[in-house]
Structures are given as structure tokens and as C-alpha cells.
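Student: Sharing my_file-v4.csv here; it has CSV, C-alpha atoms and all ligand atoms.
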```csv
chain,number,residue,atom,x,y,z
H,1,MET,CA,-156.9,-30.7,63.2
H,2,GLN,CA,-155.0,-28.1,61.1
H,3,ILE,CA,-155.7,-28.5,57.5
H,4,THR,CA,-157.1,-26.4,54.6
H,5,ILE,CA,-159.5,-28.3,52.4
H,6,ILE,CA,-159.7,-26.5,49.1
H,7,ASP,CA,-163.4,-25.7,48.6
H,8,HIS,CA,-163.8,-25.1,44.9
H,9,PRO,CA,-166.1,-26.7,42.3
H,10,LEU,CA,-163.3,-27.4,39.8
H,11,VAL,CA,-161.3,-29.2,42.5
H,12,LYS,CA,-164.2,-31.3,43.6
H,13,HIS,CA,-165.1,-32.2,40.0
H,14,LYS,CA,-161.6,-33.1,38.9
H,15,LEU,CA,-161.0,-35.2,42.0
H,16,SER,CA,-164.2,-37.1,41.4
H,17,LEU,CA,-163.0,-37.9,37.9
H,18,MET,CA,-159.8,-39.3,39.4
H,19,ARG,CA,-161.7,-41.6,41.7
H,20,GLU,CA,-163.4,-43.4,38.8
H,21,ALA,CA,-162.0,-47.0,38.7
H,22,ASP,CA,-161.5,-46.9,34.9
H,23,SER,CA,-159.6,-43.7,34.7
H,24,SER,CA,-156.8,-44.1,32.1
H,25,THR,CA,-153.2,-43.3,32.8
H,26,TYR,CA,-153.5,-40.2,30.5
H,27,LYS,CA,-156.6,-39.0,32.3
H,28,PHE,CA,-155.3,-39.6,35.8
H,29,ARG,CA,-152.0,-37.9,35.0
H,30,THR,CA,-153.7,-34.9,33.4
H,31,LEU,CA,-156.1,-34.4,36.3
H,32,THR,CA,-153.2,-34.7,38.8
H,33,LYS,CA,-151.4,-31.9,37.1
H,34,GLU,CA,-154.6,-29.7,36.8
H,35,LEU,CA,-155.4,-30.2,40.4
H,36,ALA,CA,-151.8,-29.4,41.5
H,37,ARG,CA,-152.1,-26.1,39.5
H,38,LEU,CA,-155.3,-25.2,41.3
H,39,MET,CA,-153.8,-26.1,44.7
H,40,ALA,CA,-150.7,-24.0,44.1
H,41,TYR,CA,-153.0,-21.0,43.4
H,42,GLU,CA,-154.6,-21.5,46.8
H,43,ALA,CA,-151.4,-22.2,48.7
H,44,SER,CA,-149.7,-19.1,47.3
H,45,ARG,CA,-152.4,-16.7,48.5
H,46,ASP,CA,-150.4,-15.5,51.5
H,47,PHE,CA,-147.0,-15.2,49.7
H,48,PRO,CA,-145.5,-11.9,50.8
H,49,ILE,CA,-145.5,-9.0,48.3
H,50,GLU,CA,-143.8,-5.7,47.9
H,51,THR,CA,-144.4,-2.6,46.0
H,52,ILE,CA,-142.0,-1.7,43.2
H,53,SER,CA,-141.8,1.1,40.6
H,54,ILE,CA,-142.2,0.1,37.0
H,55,GLN,CA,-142.2,2.0,33.7
H,56,GLY,CA,-145.7,1.9,32.3
H,57,TRP,CA,-146.7,2.0,28.6
H,58,GLU,CA,-146.9,5.8,28.6
H,59,GLY,CA,-143.4,6.1,29.9
H,60,ASN,CA,-144.4,7.1,33.4
H,61,GLN,CA,-143.3,5.4,36.6
H,62,ILE,CA,-146.2,3.5,38.0
H,63,GLU,CA,-146.7,1.2,41.0
H,64,GLY,CA,-146.2,-2.5,40.5
H,65,ILE,CA,-146.3,-5.5,42.8
H,66,GLN,CA,-143.8,-8.4,43.0
H,67,ILE,CA,-143.5,-11.4,45.2
H,68,LYS,CA,-141.0,-10.6,48.0
H,69,GLY,CA,-138.0,-12.7,49.0
H,70,LYS,CA,-136.4,-15.7,47.4
H,71,THR,CA,-138.4,-17.9,45.0
H,72,VAL,CA,-140.1,-20.9,46.5
H,73,THR,CA,-138.6,-24.4,46.2
H,74,VAL,CA,-141.0,-27.1,45.1
H,75,VAL,CA,-140.3,-30.5,46.6
H,76,PRO,CA,-142.0,-33.4,44.9
H,77,ILE,CA,-141.8,-36.7,46.8
H,78,LEU,CA,-140.7,-39.4,44.3
H,79,ARG,CA,-142.3,-40.9,42.7
H,80,ALA,CA,-146.0,-39.8,42.7
H,81,GLY,CA,-145.2,-36.2,43.7
H,82,LEU,CA,-143.6,-35.8,40.3
H,83,GLY,CA,-147.1,-35.9,38.8
H,84,MET,CA,-147.9,-32.6,40.5
H,85,LEU,CA,-144.7,-30.8,39.6
H,86,ASP,CA,-145.6,-29.4,36.2
H,87,GLY,CA,-148.9,-28.1,37.4
H,88,VAL,CA,-147.2,-26.1,40.1
H,89,LEU,CA,-144.5,-24.9,37.7
H,90,ASP,CA,-147.2,-23.6,35.4
H,91,LEU,CA,-148.0,-21.0,38.1
H,92,ILE,CA,-144.5,-20.6,39.6
H,93,PRO,CA,-142.1,-21.2,36.6
H,94,THR,CA,-139.1,-19.7,38.4
H,95,ALA,CA,-139.3,-22.2,41.3
H,96,LYS,CA,-136.2,-24.1,42.3
H,97,ILE,CA,-136.8,-27.9,42.5
H,98,SER,CA,-135.7,-30.0,45.4
H,99,MET,CA,-136.3,-33.8,45.2
H,100,VAL,CA,-136.9,-36.3,47.9
H,101,GLY,CA,-137.2,-40.1,47.2
H,102,LEU,CA,-139.1,-42.3,49.6
H,103,GLN,CA,-140.6,-45.7,49.0
H,104,ARG,CA,-143.2,-46.9,51.5
H,105,ASP,CA,-142.5,-50.4,52.7
H,106,GLU,CA,-145.6,-52.4,51.8
H,107,ASP,CA,-145.5,-54.5,55.0
H,108,THR,CA,-144.5,-52.0,57.7
H,109,LEU,CA,-145.8,-48.9,55.8
H,110,GLU,CA,-142.6,-47.1,57.0
H,111,PRO,CA,-141.0,-44.7,54.5
H,112,VAL,CA,-137.6,-45.9,53.2
H,113,PRO,CA,-135.5,-43.0,51.9
H,114,PHE,CA,-133.6,-43.6,48.6
H,115,PHE,CA,-132.8,-40.1,47.2
H,116,GLU,CA,-132.3,-36.5,48.4
H,117,LYS,CA,-131.3,-33.5,46.4
H,118,LEU,CA,-132.3,-30.2,48.0
H,119,VAL,CA,-131.5,-26.7,46.8
H,120,LYS,CA,-128.4,-25.4,48.6
H,121,ASP,CA,-130.1,-22.3,50.1
H,122,ILE,CA,-133.2,-24.2,51.3
H,123,ASP,CA,-132.9,-22.4,54.6
H,124,GLU,CA,-133.7,-19.1,52.8
H,125,ARG,CA,-136.6,-20.3,50.7
H,126,PRO,CA,-140.3,-21.1,51.3
H,127,ALA,CA,-141.0,-24.7,50.3
H,128,LEU,CA,-144.1,-26.5,48.8
H,129,ILE,CA,-144.0,-30.2,49.3
H,130,LEU,CA,-145.9,-32.2,46.7
H,131,ASP,CA,-147.4,-35.7,47.1
H,132,PRO,CA,-150.8,-36.8,46.0
H,133,MET,CA,-151.4,-39.1,49.0
H,134,LEU,CA,-151.2,-38.4,52.7
H,135,ALA,CA,-152.0,-41.8,54.2
H,136,THR,CA,-150.2,-42.7,57.5
H,137,GLY,CA,-148.3,-39.4,57.1
H,138,GLY,CA,-145.0,-41.2,57.5
H,139,SER,CA,-143.6,-40.1,54.1
H,140,MET,CA,-144.6,-36.5,54.7
H,141,VAL,CA,-143.2,-36.4,58.2
H,142,ALA,CA,-139.9,-37.9,57.1
H,143,THR,CA,-139.7,-35.3,54.2
H,144,ILE,CA,-140.3,-32.4,56.6
H,145,ASP,CA,-137.7,-33.8,59.0
H,146,MET,CA,-135.2,-33.9,56.2
H,147,MET,CA,-135.9,-30.4,55.1
H,148,LYS,CA,-135.8,-28.9,58.6
H,149,LYS,CA,-132.5,-30.7,59.2
H,150,HIS,CA,-131.2,-28.5,56.3
H,151,GLY,CA,-132.7,-25.3,57.9
H,152,CYS,CA,-135.9,-25.0,55.9
H,153,LYS,CA,-138.3,-23.0,58.0
H,154,ASN,CA,-141.4,-22.1,55.9
H,155,ILE,CA,-143.0,-25.3,54.7
H,156,LYS,CA,-146.4,-26.1,53.2
H,157,ALA,CA,-147.6,-29.5,52.1
H,158,LEU,CA,-149.9,-30.0,49.0
H,159,VAL,CA,-151.7,-33.3,48.8
H,160,LEU,CA,-154.7,-34.4,46.7
H,161,VAL,CA,-156.2,-36.8,49.3
H,162,ALA,CA,-155.5,-36.9,53.1
H,163,THR,CA,-156.7,-39.1,56.0
H,164,PRO,CA,-157.4,-37.9,59.5
H,165,GLU,CA,-154.5,-40.2,60.6
H,166,GLY,CA,-152.0,-38.6,58.2
H,167,VAL,CA,-153.1,-35.1,59.1
H,168,LYS,CA,-152.7,-35.9,62.8
H,169,ALA,CA,-149.2,-37.4,62.3
H,170,VAL,CA,-148.0,-34.2,60.5
H,171,ASN,CA,-149.8,-31.8,62.9
H,172,ASP,CA,-148.3,-33.6,65.9
H,173,ALA,CA,-144.7,-33.8,64.5
H,174,HIS,CA,-144.7,-30.4,62.7
H,175,PRO,CA,-147.5,-28.1,63.9
H,176,ASP,CA,-146.0,-25.2,61.9
H,177,VAL,CA,-146.5,-26.9,58.6
H,178,LYS,CA,-149.8,-26.0,56.7
H,179,ILE,CA,-151.4,-28.8,54.8
H,180,PHE,CA,-153.6,-28.1,51.8
H,181,THR,CA,-155.7,-30.9,50.4
H,182,ALA,CA,-158.4,-31.4,47.8
H,183,ALA,CA,-160.2,-33.9,50.1
H,184,LEU,CA,-160.1,-35.3,53.6
H,185,ASP,CA,-161.1,-38.9,53.2
H,186,SER,CA,-162.5,-41.4,55.7
H,187,HIS,CA,-159.7,-43.7,56.9
H,188,LEU,CA,-156.9,-46.2,56.0
H,189,ASN,CA,-157.7,-49.8,55.2
H,190,GLU,CA,-155.6,-52.7,56.7
H,191,GLN,CA,-153.1,-52.5,53.8
H,192,GLY,CA,-152.6,-48.7,54.4
H,193,TYR,CA,-154.6,-47.6,51.4
H,194,ILE,CA,-156.9,-44.5,51.7
H,195,ILE,CA,-160.6,-45.2,51.6
H,196,PRO,CA,-162.3,-44.1,49.4
H,197,GLY,CA,-159.0,-42.7,48.1
H,198,LEU,CA,-157.6,-43.0,44.6
H,199,GLY,CA,-155.8,-46.4,44.8
H,200,ASP,CA,-152.1,-46.4,44.2
H,201,ALA,CA,-151.5,-42.9,42.8
H,202,GLY,CA,-147.9,-43.5,41.7
H,203,ASP,CA,-148.9,-46.6,39.6
H,204,LYS,CA,-151.8,-44.7,38.1
H,205,ILE,CA,-149.7,-41.6,37.2
H,206,PHE,CA,-146.9,-43.7,35.6
H,207,GLY,CA,-149.0,-46.5,34.2
H,208,THR,CA,-147.3,-49.2,36.2
H,209,LYS,CA,-150.4,-50.9,37.7
H,301,LIG,C1,-147.2,-43.3,48.2
H,301,LIG,C2,-147.6,-41.8,48.2
H,301,LIG,C3,-146.9,-41.2,49.3
H,301,LIG,C4,-146.9,-42.3,50.3
H,301,LIG,C5,-148.1,-42.0,51.3
H,301,LIG,O1,-145.9,-43.4,47.7
H,301,LIG,O2,-147.2,-41.2,46.9
H,301,LIG,O3,-145.5,-40.8,49.1
H,301,LIG,O4,-147.2,-43.5,49.6
H,301,LIG,O5,-148.1,-43.0,52.3
H,301,LIG,P1,-147.8,-42.6,53.8
H,301,LIG,O6,-148.5,-41.3,54.1
H,301,LIG,O7,-148.4,-43.8,54.6
H,301,LIG,O8,-146.3,-42.5,54.0
H,301,LIG,P2,-145.2,-44.8,47.5
H,301,LIG,O9,-144.2,-45.0,48.6
H,301,LIG,O10,-146.2,-45.9,47.3
H,301,LIG,O11,-144.3,-44.7,46.2
H,301,LIG,P3,-144.7,-44.2,44.8
H,301,LIG,O12,-144.7,-42.7,44.8
H,301,LIG,O13,-143.5,-44.7,44.0
H,301,LIG,O14,-146.0,-44.8,44.4
H,302,LIG,N1,-150.2,-44.4,48.6
H,302,LIG,C1,-151.1,-44.5,47.6
H,302,LIG,O1,-150.7,-44.3,46.4
H,302,LIG,N2,-152.4,-44.6,47.8
H,302,LIG,C2,-152.9,-44.8,49.1
H,302,LIG,O2,-154.1,-45.0,49.2
H,302,LIG,C3,-152.0,-44.8,50.2
H,302,LIG,C4,-150.6,-44.6,49.9
```
Step by step, read the file and then write its structure as C-alpha cells.

Tutor:
Amino acid sequence: MQITIIDHPLVKHKLSLMREADSSTYKFRTLTKELARLMAYEASRDFPIETISIQGWEGNQIEGIQIKGKTVTVVPILRAGLGMLDGVLDLIPTAKISMVGLQRDEDTLEPVPFFEKLVKDIDERPALILDPMLATGGSMVATIDMMKKHGCKNIKALVLVATPEGVKAVNDAHPDVKIFTAALDSHLNEQGYIIPGLGDAGDKIFGTK
């Protein structure tokens, strides 16, 4: 199984707070954003860099470093992925935003697409897909399919909680895509919810439960 589980005390602490049954909308939304920020830090570790010459405070030319190539596009999966967007933009404020709308059918658990607006030059940019939950993996696989259809080649997926089933589905369909998660949970229940999981992340972020 190809997955990076972020091993950091702050990540574990914040995710545990999100698992509490009585977490308020404000608390859950804030923690989602804070975790997304920490995950973006880890997922950007291997961004390519280049050396540049900059004028330092004394007026001399000194060596600087900048991220090489076109800025990343961040791809929140509507709706719950929106909860992670601001946290990632805190670290990568110049990112371009592509949006993908998918609603999981509650009976079949199949993702039903309802919106797609990708940046035009997605084939030239690295992409970070955001979704708090990787359950069956259907929504993530469909999103990656859609992005690859438009030529996107360098894709990472950032999720807060993943299941072995979901990771396998993404690994099998898209072995080149790196998945980052705050936790790898036990399994899916009969209704397709992650156990122990977080419950319905979208409802908790938006207060619609
Ligand atoms: C949730 C979640 C993922 C998807 C995961 O979204 O945010 O997008 O389910 O399930 P899967 O791995 O089995 O596809 P949902 O469709 O419930 O919509 P929401 O974001 O509006 O809550
Ligand atoms: N979507 C959620 O929001 N939670 C789950 O446990 C599974 C899918």
C-alpha cells in the first residue's frame, strides 16, 4: 500500500479533537483548516527548487531559492474539500484553484459528478487534491480520472482520514498518485462510513447535520 501517514504530534492531537462526538461546527471547521495547513507543509517537501540571485539588504547580490516551475493548482472536491482550501492557501497563497463537484450516492456509494472547473493549463501544473475523507476511494479515483483526462501529470491527494479500501482503490487505478493522510483508519461500515472516522465531514464542516 502506497500512502504517507503524517507522523506529527500536532496532527495526531488535532485529529483526535475532530473525532470527539460533540465537536462544534466552528471547532471542526477550524481543525480541518489547521490540519490541511500542516498536511500541505508535508506534501510540499519535494517541490522542486532553483537558485536565483537576489539583492540583499547590503546591496550585494546573494543567493536565494525559489520554487521552480508553474505554481501548483489546488483541487478541493466539493463540498467537504472546501474546508481544507484556506489552510493550504495559507501556505501556498499563489496557488490556482480548480474545483470538482462530486456527490456520493448514499445507496450505491458511487460518485455522481455535478461540477468541474479546472485551470486551463492544468497539464503544466502540479496538483494537490483536497478531500477530508477517502472512504471507498470512488470520489478520489473519479477526480484523478477527470484531471488526467485534461493532461494533469503530477498529482498528490491530501486527505484527513483514509481506509485501506480507499487507498487500494486509488493505488490500483493511479499508482503514480501519492496519498497523504493524517490517519489510516480501520474499515468502512455497511453504510460506507469510515470507522472510527469522523462521521459526515461535509455536514460537520458546513453545519448541515
Ligand atoms: C464525502 C467525502 C468524499 C466522499 C468520500 O463527500 O467528502 O468526497 O464522500 O467517499 P468515497 O471515498 O466513498 O467516494 P460526499 O459525497 O458525502 O459530499 P459532501 O462533500 O457534500 O459531504
Ligand atoms: N464521507 C464522509 O463524510 N464520511 C465517511 O465516513 C465516508 C464518506

Student: Compare H:Ser139, H:Ile195, H:Ile205, H:Leu158 by their minimum atom-to-atom distance to ligand LIG 301 (chain H), counting only C-alpha atoms and all ligand atoms, and give me the closest one.

Tutor: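 Closest residue, counting only C-alpha atoms and all ligand atoms: H:Ser139.
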
Student: Work out how far apart CA of Met140 (chain H) and CA of Pro196 (chain H) are and give it in Å to one decimal.

Tutor: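 Interatomic distance, CA of Met140 (chain H) to CA of Pro196 (chain H): 20.0 Å.
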
Student: Would you name the residues within 8 Å of ligand LIG 301 (chain H), counting only C-alpha atoms and all ligand atoms, and put them as an NGL selection string?

Tutor: :H and (77-81 or 102-106 or 109-111 or 131-140 or 166 or 192-193 or 200-203)

Student: In Å to one decimal, how far is CA of Gly101 (chain H) from CA of Met146 (chain H)?

Tutor: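 So the two atoms, CA of Met146 (chain H) and CA of Gly101 (chain H), lie 11.1 Å apart.
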
Student: Could you list, as a short mmCIF file (atom, residue, chain, number, x, y, z; two decimals) with C-alpha atoms, keeping the file's coordinate frame, every residue within 12 Å of Asp185 (chain H), counting only C-alpha atoms and ignoring same-chain residues fewer than 3 positions away?

Tutor:
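Listed below is the output, out.cif:
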```
data_model
loop_
_atom_site.label_atom_id
_atom_site.label_comp_id
_atom_site.auth_asym_id
_atom_site.auth_seq_id
_atom_site.Cartn_x
_atom_site.Cartn_y
_atom_site.Cartn_z
CA ILE H 5 -159.50 -28.30 52.40
CA LEU H 15 -161.00 -35.20 42.00
CA ARG H 19 -161.70 -41.60 41.70
CA MET H 133 -151.40 -39.10 49.00
CA LEU H 134 -151.20 -38.40 52.70
CA ALA H 135 -152.00 -41.80 54.20
CA VAL H 159 -151.70 -33.30 48.80
CA LEU H 160 -154.70 -34.40 46.70
CA VAL H 161 -156.20 -36.80 49.30
CA ALA H 162 -155.50 -36.90 53.10
CA THR H 163 -156.70 -39.10 56.00
CA PRO H 164 -157.40 -37.90 59.50
CA GLU H 165 -154.50 -40.20 60.60
CA GLY H 166 -152.00 -38.60 58.20
CA VAL H 167 -153.10 -35.10 59.10
CA THR H 181 -155.70 -30.90 50.40
CA ALA H 182 -158.40 -31.40 47.80
CA LEU H 188 -156.90 -46.20 56.00
CA ASN H 189 -157.70 -49.80 55.20
CA TYR H 193 -154.60 -47.60 51.40
CA ILE H 194 -156.90 -44.50 51.70
CA ILE H 195 -160.60 -45.20 51.60
CA PRO H 196 -162.30 -44.10 49.40
CA GLY H 197 -159.00 -42.70 48.10
CA LEU H 198 -157.60 -43.00 44.60
#
```

Student: Would you please work out which residue, of H:Ala157, H:Leu85, H:Leu118, H:Cys152, is nearest to Arg29 (chain H) when using all atoms listed in the file?

Tutor: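 Closest to Arg29 (chain H) of all the choices is H:Leu85.
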
Student: Could you check how far CA of Ile144 (chain H) sits from CA of Ser44 (chain H), in Å to one decimal?

Tutor: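 These atoms are spaced 18.8 Å apart.
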
Student: Name the closest residue to Lys14 (chain H) among the candidates H:Lys96, H:Lys178, H:Lys156, H:Arg37; distances are taken between atoms, counting all atoms listed in the file.

Tutor: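 Checking each of H:Lys96, H:Lys178, H:Lys156, H:Arg37 against Lys14 (chain H), counting all atoms listed in the file, the winner is H:Arg37.
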
Student: Set the distance at 12 Å and use all atoms listed in the file: which residues neighbour Ile122 (chain H) once local chain neighbours fewer than 6 positions away are removed? I'd like the list as a PDB file with C-alpha atoms, in the frame of the given file.

Tutor:
```pdb
ATOM      1  CA  LYS H  70    -136.400 -15.700  47.400  1.00  0.00           C
ATOM      2  CA  THR H  71    -138.400 -17.900  45.000  1.00  0.00           C
ATOM      3  CA  VAL H  72    -140.100 -20.900  46.500  1.00  0.00           C
ATOM      4  CA  THR H  73    -138.600 -24.400  46.200  1.00  0.00           C
ATOM      5  CA  VAL H  74    -141.000 -27.100  45.100  1.00  0.00           C
ATOM      6  CA  VAL H  75    -140.300 -30.500  46.600  1.00  0.00           C
ATOM      7  CA  ALA H  95    -139.300 -22.200  41.300  1.00  0.00           C
ATOM      8  CA  LYS H  96    -136.200 -24.100  42.300  1.00  0.00           C
ATOM      9  CA  ILE H  97    -136.800 -27.900  42.500  1.00  0.00           C
ATOM     10  CA  SER H  98    -135.700 -30.000  45.400  1.00  0.00           C
ATOM     11  CA  MET H  99    -136.300 -33.800  45.200  1.00  0.00           C
ATOM     12  CA  LEU H 128    -144.100 -26.500  48.800  1.00  0.00           C
ATOM     13  CA  MET H 146    -135.200 -33.900  56.200  1.00  0.00           C
ATOM     14  CA  MET H 147    -135.900 -30.400  55.100  1.00  0.00           C
ATOM     15  CA  LYS H 148    -135.800 -28.900  58.600  1.00  0.00           C
ATOM     16  CA  LYS H 149    -132.500 -30.700  59.200  1.00  0.00           C
ATOM     17  CA  HIS H 150    -131.200 -28.500  56.300  1.00  0.00           C
ATOM     18  CA  GLY H 151    -132.700 -25.300  57.900  1.00  0.00           C
ATOM     19  CA  CYS H 152    -135.900 -25.000  55.900  1.00  0.00           C
ATOM     20  CA  LYS H 153    -138.300 -23.000  58.000  1.00  0.00           C
ATOM     21  CA  ASN H 154    -141.400 -22.100  55.900  1.00  0.00           C
ATOM     22  CA  ILE H 155    -143.000 -25.300  54.700  1.00  0.00           C
TER      23      ILE H 155
END
```

Student: Could you name the residues that touch Pro48 (chain H) at 9 Å or less, counting only C-alpha atoms, but leaving out those on the same chain fewer than 3 positions away, as a ChimeraX atom specification?

Tutor: /H:45,66-69

Student: Taking N, CA and C atoms as the atom set, what does region 148-172 of chain H look like once completed, written as an mmCIF file, in the coordinates of the input?

Tutor:
```
data_model
loop_
_atom_site.group_PDB
_atom_site.id
_atom_site.type_symbol
_atom_site.label_atom_id
_atom_site.label_comp_id
_atom_site.auth_asym_id
_atom_site.auth_seq_id
_atom_site.Cartn_x
_atom_site.Cartn_y
_atom_site.Cartn_z
ATOM 1 N N LYS H 148 -136.146 -29.756 57.407
ATOM 2 C CA LYS H 148 -135.800 -28.900 58.600
ATOM 3 C C LYS H 148 -134.379 -29.149 59.026
ATOM 4 N N LYS H 149 -133.903 -30.379 58.839
ATOM 5 C CA LYS H 149 -132.500 -30.700 59.200
ATOM 6 C C LYS H 149 -131.562 -29.765 58.372
ATOM 7 N N HIS H 150 -132.019 -29.368 57.182
ATOM 8 C CA HIS H 150 -131.200 -28.500 56.300
ATOM 9 C C HIS H 150 -131.614 -27.011 56.532
ATOM 10 N N GLY H 151 -132.411 -26.731 57.547
ATOM 11 C CA GLY H 151 -132.700 -25.300 57.900
ATOM 12 C C GLY H 151 -133.950 -24.739 57.298
ATOM 13 N N CYS H 152 -134.725 -25.533 56.559
ATOM 14 C CA CYS H 152 -135.900 -25.000 55.900
ATOM 15 C C CYS H 152 -136.952 -24.631 57.030
ATOM 16 N N LYS H 153 -137.505 -23.417 56.924
ATOM 17 C CA LYS H 153 -138.300 -23.000 58.000
ATOM 18 C C LYS H 153 -139.807 -22.745 57.631
ATOM 19 N N ASN H 154 -140.020 -22.485 56.346
ATOM 20 C CA ASN H 154 -141.400 -22.100 55.900
ATOM 21 C C ASN H 154 -141.881 -23.145 54.925
ATOM 22 N N ILE H 155 -142.657 -24.097 55.460
ATOM 23 C CA ILE H 155 -143.000 -25.300 54.700
ATOM 24 C C ILE H 155 -144.543 -25.432 54.578
ATOM 25 N N LYS H 156 -145.012 -25.701 53.347
ATOM 26 C CA LYS H 156 -146.400 -26.100 53.200
ATOM 27 C C LYS H 156 -146.445 -27.422 52.434
ATOM 28 N N ALA H 157 -147.464 -28.211 52.733
ATOM 29 C CA ALA H 157 -147.600 -29.500 52.100
ATOM 30 C C ALA H 157 -148.871 -29.504 51.234
ATOM 31 N N LEU H 158 -148.736 -29.892 49.958
ATOM 32 C CA LEU H 158 -149.900 -30.000 49.000
ATOM 33 C C LEU H 158 -150.160 -31.411 48.706
ATOM 34 N N VAL H 159 -151.338 -31.892 49.083
ATOM 35 C CA VAL H 159 -151.700 -33.300 48.800
ATOM 36 C C VAL H 159 -153.089 -33.285 48.145
ATOM 37 N N LEU H 160 -153.375 -34.315 47.369
ATOM 38 C CA LEU H 160 -154.700 -34.400 46.700
ATOM 39 C C LEU H 160 -155.706 -35.007 47.701
ATOM 40 N N VAL H 161 -155.276 -36.058 48.394
ATOM 41 C CA VAL H 161 -156.200 -36.800 49.300
ATOM 42 C C VAL H 161 -155.431 -36.993 50.643
ATOM 43 N N ALA H 162 -156.094 -36.672 51.744
ATOM 44 C CA ALA H 162 -155.500 -36.900 53.100
ATOM 45 C C ALA H 162 -156.423 -37.721 53.930
ATOM 46 N N THR H 163 -155.851 -38.342 54.961
ATOM 47 C CA THR H 163 -156.700 -39.100 56.000
ATOM 48 C C THR H 163 -156.524 -38.330 57.290
ATOM 49 N N PRO H 164 -157.496 -38.517 58.185
ATOM 50 C CA PRO H 164 -157.400 -37.900 59.500
ATOM 51 C C PRO H 164 -156.077 -38.405 60.219
ATOM 52 N N GLU H 165 -155.720 -39.693 60.012
ATOM 53 C CA GLU H 165 -154.500 -40.200 60.600
ATOM 54 C C GLU H 165 -153.262 -39.502 60.151
ATOM 55 N N GLY H 166 -153.215 -39.285 58.843
ATOM 56 C CA GLY H 166 -152.000 -38.600 58.200
ATOM 57 C C GLY H 166 -151.931 -37.176 58.672
ATOM 58 N N VAL H 167 -153.072 -36.503 58.709
ATOM 59 C CA VAL H 167 -153.100 -35.100 59.100
ATOM 60 C C VAL H 167 -152.598 -34.997 60.577
ATOM 61 N N LYS H 168 -153.097 -35.913 61.426
ATOM 62 C CA LYS H 168 -152.700 -35.900 62.800
ATOM 63 C C LYS H 168 -151.197 -36.115 62.980
ATOM 64 N N ALA H 169 -150.684 -37.064 62.209
ATOM 65 C CA ALA H 169 -149.200 -37.400 62.300
ATOM 66 C C ALA H 169 -148.409 -36.125 61.945
ATOM 67 N N VAL H 170 -148.806 -35.426 60.887
ATOM 68 C CA VAL H 170 -148.000 -34.200 60.500
ATOM 69 C C VAL H 170 -148.257 -33.096 61.484
ATOM 70 N N ASN H 171 -149.500 -32.894 61.889
ATOM 71 C CA ASN H 171 -149.800 -31.800 62.900
ATOM 72 C C ASN H 171 -149.010 -32.052 64.171
ATOM 73 N N ASP H 172 -148.954 -33.316 64.628
ATOM 74 C CA ASP H 172 -148.300 -33.600 65.900
ATOM 75 C C ASP H 172 -146.761 -33.371 65.774
#
```
